[in-house]
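K.L.:
Quick one: the structure is below, and I'll ask about it shortly.
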Amino acid sequence: METRLLTHRPEAGWSSPLPSGLDSARTLVAAFAPTAYAERDDFWASIAAAFPRSHVLACSSAGVIAGEHVVDDTAVAVVARFERAAVTSASVPIQALEMSRRAGQKLGHALADGNPHTVIVV
């Protein structure tokens, strides 16, 4: 497995160039960002452009851990390309709290065919 940890600050951009050479169907990109990043189309477009075949998982966060540091107003992305593990992704919108159970059932059905060994839910 190859991994890279990158940070992004609004005033400075990415800590290093996005490793687009890791893009593959066996790559997971996990991005954690402050809610203000929801409006940063440039940030999301850069991830989409660098990793068009990868599986991108994203979540908002009030503060993120980057290596040994907790940082605010910064996004963190972890890129992991697996040698043998297959990566599958699915998403289900939840419009209201009372729909959570149904959303979980839909997600389970969407992933069941792949017989996953590990499931990450955010």
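Residue names in the structure tokens use chain letters A, B, ... in the order shown, residue numbers from 1 in each chain, and ligand numbers from 1 in the order shown.
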Which residues come within 7 Å of Thr3 of chain A, counting only C-alpha atoms, excluding same-chain residues fewer than 2 positions away, as a PyMOL selection string?
P.N.:
chain A and resi 1+5+78-81
K.L.:
Got a sec to tell me which of segment 14-122 of chain A DSSP assigns to strand (DSSP E), as a PyMOL selection string?
P.N.:
chain A and resi 14+27-33+55-60+64-66+69-71+75-81
K.L.:
Could you check which of A:Phe82, A:Phe32, A:Tyr37, A:Phe43 is closest to Cys59 of chain A, using only C-alpha atoms?
P.N.:
A:Phe32
K.L.:
With DSSP run on the backbone, what are the alpha helix (DSSP H) residues within segment 45-105 of chain A? I'd like them as a list in words.
P.N.:
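Here is the list: Ala45, Ser46, Ile47, Ala48, Ala49, Ala50, Ser100, Arg101, Arg102, Ala103, Gly104 and Gln105 of chain A.
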K.L.:
I'd like the neighbourhood of Ile94 of chain A as a ChimeraX atom specification, where a residue qualifies if any of its atoms comes within 12 Å (using only C-alpha atoms), though same-chain residues fewer than 3 positions away should be ignored.
P.N.:
/A:91,97-107,122
K.L.:
Next, the residues of the selection above should be written as a tab-separated table (two decimals), in the first residue's frame with N, CA, C and O atoms.
P.N.:
```tsv
chain	number	residue	atom	x	y	z
A	91	SER	N	-22.98	5.83	-1.77
A	91	SER	CA	-23.48	6.92	-0.93
A	91	SER	C	-25.01	6.90	-0.95
A	91	SER	O	-25.62	6.49	-1.94
A	97	LEU	N	-33.49	12.79	10.04
A	97	LEU	CA	-33.02	11.81	11.02
A	97	LEU	C	-33.86	10.53	10.99
A	97	LEU	O	-33.32	9.42	11.05
A	98	GLU	N	-35.16	10.67	10.86
A	98	GLU	CA	-36.04	9.49	10.87
A	98	GLU	C	-35.85	8.61	9.63
A	98	GLU	O	-36.37	7.50	9.57
A	99	MET	N	-35.08	9.07	8.66
A	99	MET	CA	-34.81	8.26	7.46
A	99	MET	C	-33.47	7.52	7.56
A	99	MET	O	-33.07	6.82	6.64
A	100	SER	N	-32.79	7.64	8.69
A	100	SER	CA	-31.46	7.05	8.86
A	100	SER	C	-31.48	5.53	8.71
A	100	SER	O	-30.61	4.95	8.07
A	101	ARG	N	-32.45	4.88	9.32
A	101	ARG	CA	-32.52	3.41	9.26
A	101	ARG	C	-32.67	2.95	7.81
A	101	ARG	O	-31.98	2.04	7.36
A	102	ARG	N	-33.56	3.57	7.09
A	102	ARG	CA	-33.78	3.21	5.68
A	102	ARG	C	-32.52	3.48	4.85
A	102	ARG	O	-32.16	2.70	3.97
A	103	ALA	N	-31.85	4.57	5.13
A	103	ALA	CA	-30.61	4.88	4.42
A	103	ALA	C	-29.56	3.81	4.69
A	103	ALA	O	-28.84	3.39	3.79
A	104	GLY	N	-29.46	3.35	5.93
A	104	GLY	CA	-28.52	2.28	6.28
A	104	GLY	C	-28.84	1.00	5.54
A	104	GLY	O	-27.94	0.28	5.08
A	105	GLN	N	-30.12	0.68	5.41
A	105	GLN	CA	-30.52	-0.52	4.66
A	105	GLN	C	-30.13	-0.40	3.19
A	105	GLN	O	-29.60	-1.35	2.60
A	106	LYS	N	-30.37	0.76	2.60
A	106	LYS	CA	-29.99	0.98	1.20
A	106	LYS	C	-28.48	0.86	1.01
A	106	LYS	O	-28.02	0.26	0.05
A	107	LEU	N	-27.73	1.41	1.95
A	107	LEU	CA	-26.28	1.33	1.88
A	107	LEU	C	-25.81	-0.12	1.99
A	107	LEU	O	-24.95	-0.56	1.23
A	122	VAL	N	-19.29	7.41	7.01
A	122	VAL	CA	-19.23	8.77	7.56
A	122	VAL	C	-20.52	9.48	7.24
A	122	VAL	O	-21.19	9.18	6.29
```
K.L.:
Let me make sure I understand: among A:Ala85, A:Ala12, A:Val70, A:Val64, which one has the smallest atom-to-atom distance to Ala31 of chain A if we use only C-alpha atoms?
P.N.:
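Comparing A:Ala85, A:Ala12, A:Val70, A:Val64 against Ala31 of chain A, the winner is A:Val64.
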K.L.:
Have a look at atom CA of Val76 of chain A and atom CA of Leu6 of chain A and let me know their distance in Å, one decimal.
P.N.:
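Calculated distance between atom CA of Val76 of chain A and atom CA of Leu6 of chain A is 5.8 Å.
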K.L.:
For Thr35 of chain A, please output as a PDB file with N, CA and C atoms, in the first residue's frame all residues within 10 Å (counting only C-alpha atoms; exclusion window: fewer than 4 positions along the same chain).
P.N.:
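Okay, this is what ended up in result.pdb:
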```pdb
ATOM      1  N   GLU A  39     -18.032  25.265   0.321  1.00  0.00           N
ATOM      2  CA  GLU A  39     -18.177  26.287  -0.713  1.00  0.00           C
ATOM      3  C   GLU A  39     -16.926  26.467  -1.571  1.00  0.00           C
ATOM      4  N   ARG A  40     -15.871  25.724  -1.292  1.00  0.00           N
ATOM      5  CA  ARG A  40     -14.597  25.887  -2.009  1.00  0.00           C
ATOM      6  C   ARG A  40     -14.553  24.941  -3.212  1.00  0.00           C
ATOM      7  N   CYS A  59     -15.692  14.294   4.540  1.00  0.00           N
ATOM      8  CA  CYS A  59     -16.469  14.555   5.738  1.00  0.00           C
ATOM      9  C   CYS A  59     -16.067  15.920   6.295  1.00  0.00           C
ATOM     10  N   SER A  60     -17.019  16.615   6.884  1.00  0.00           N
ATOM     11  CA  SER A  60     -16.684  17.884   7.521  1.00  0.00           C
ATOM     12  C   SER A  60     -16.129  17.615   8.915  1.00  0.00           C
ATOM     13  N   SER A  61     -15.366  18.569   9.394  1.00  0.00           N
ATOM     14  CA  SER A  61     -14.718  18.406  10.690  1.00  0.00           C
ATOM     15  C   SER A  61     -14.472  19.777  11.304  1.00  0.00           C
ATOM     16  N   ALA A  62     -14.574  19.872  12.623  1.00  0.00           N
ATOM     17  CA  ALA A  62     -14.296  21.134  13.309  1.00  0.00           C
ATOM     18  C   ALA A  62     -12.802  21.366  13.474  1.00  0.00           C
ATOM     19  N   ASP A  73      -8.995  25.283  10.548  1.00  0.00           N
ATOM     20  CA  ASP A  73      -9.069  25.997   9.272  1.00  0.00           C
ATOM     21  C   ASP A  73      -8.193  25.361   8.197  1.00  0.00           C
ATOM     22  N   ALA A  75      -7.768  21.664   5.694  1.00  0.00           N
ATOM     23  CA  ALA A  75      -8.301  20.383   5.233  1.00  0.00           C
ATOM     24  C   ALA A  75      -7.150  19.384   5.182  1.00  0.00           C
TER      25      ALA A  75
END
```
K.L.:
Point out the residue among A:Asp41, A:Gly108, A:Asp23, A:Ala33 with the least atom-to-atom distance to Ala58 of chain A, counting only C-alpha atoms.
P.N.:
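Of A:Asp41, A:Gly108, A:Asp23, A:Ala33, the one nearest Ala58 of chain A, counting only C-alpha atoms, is A:Ala33.
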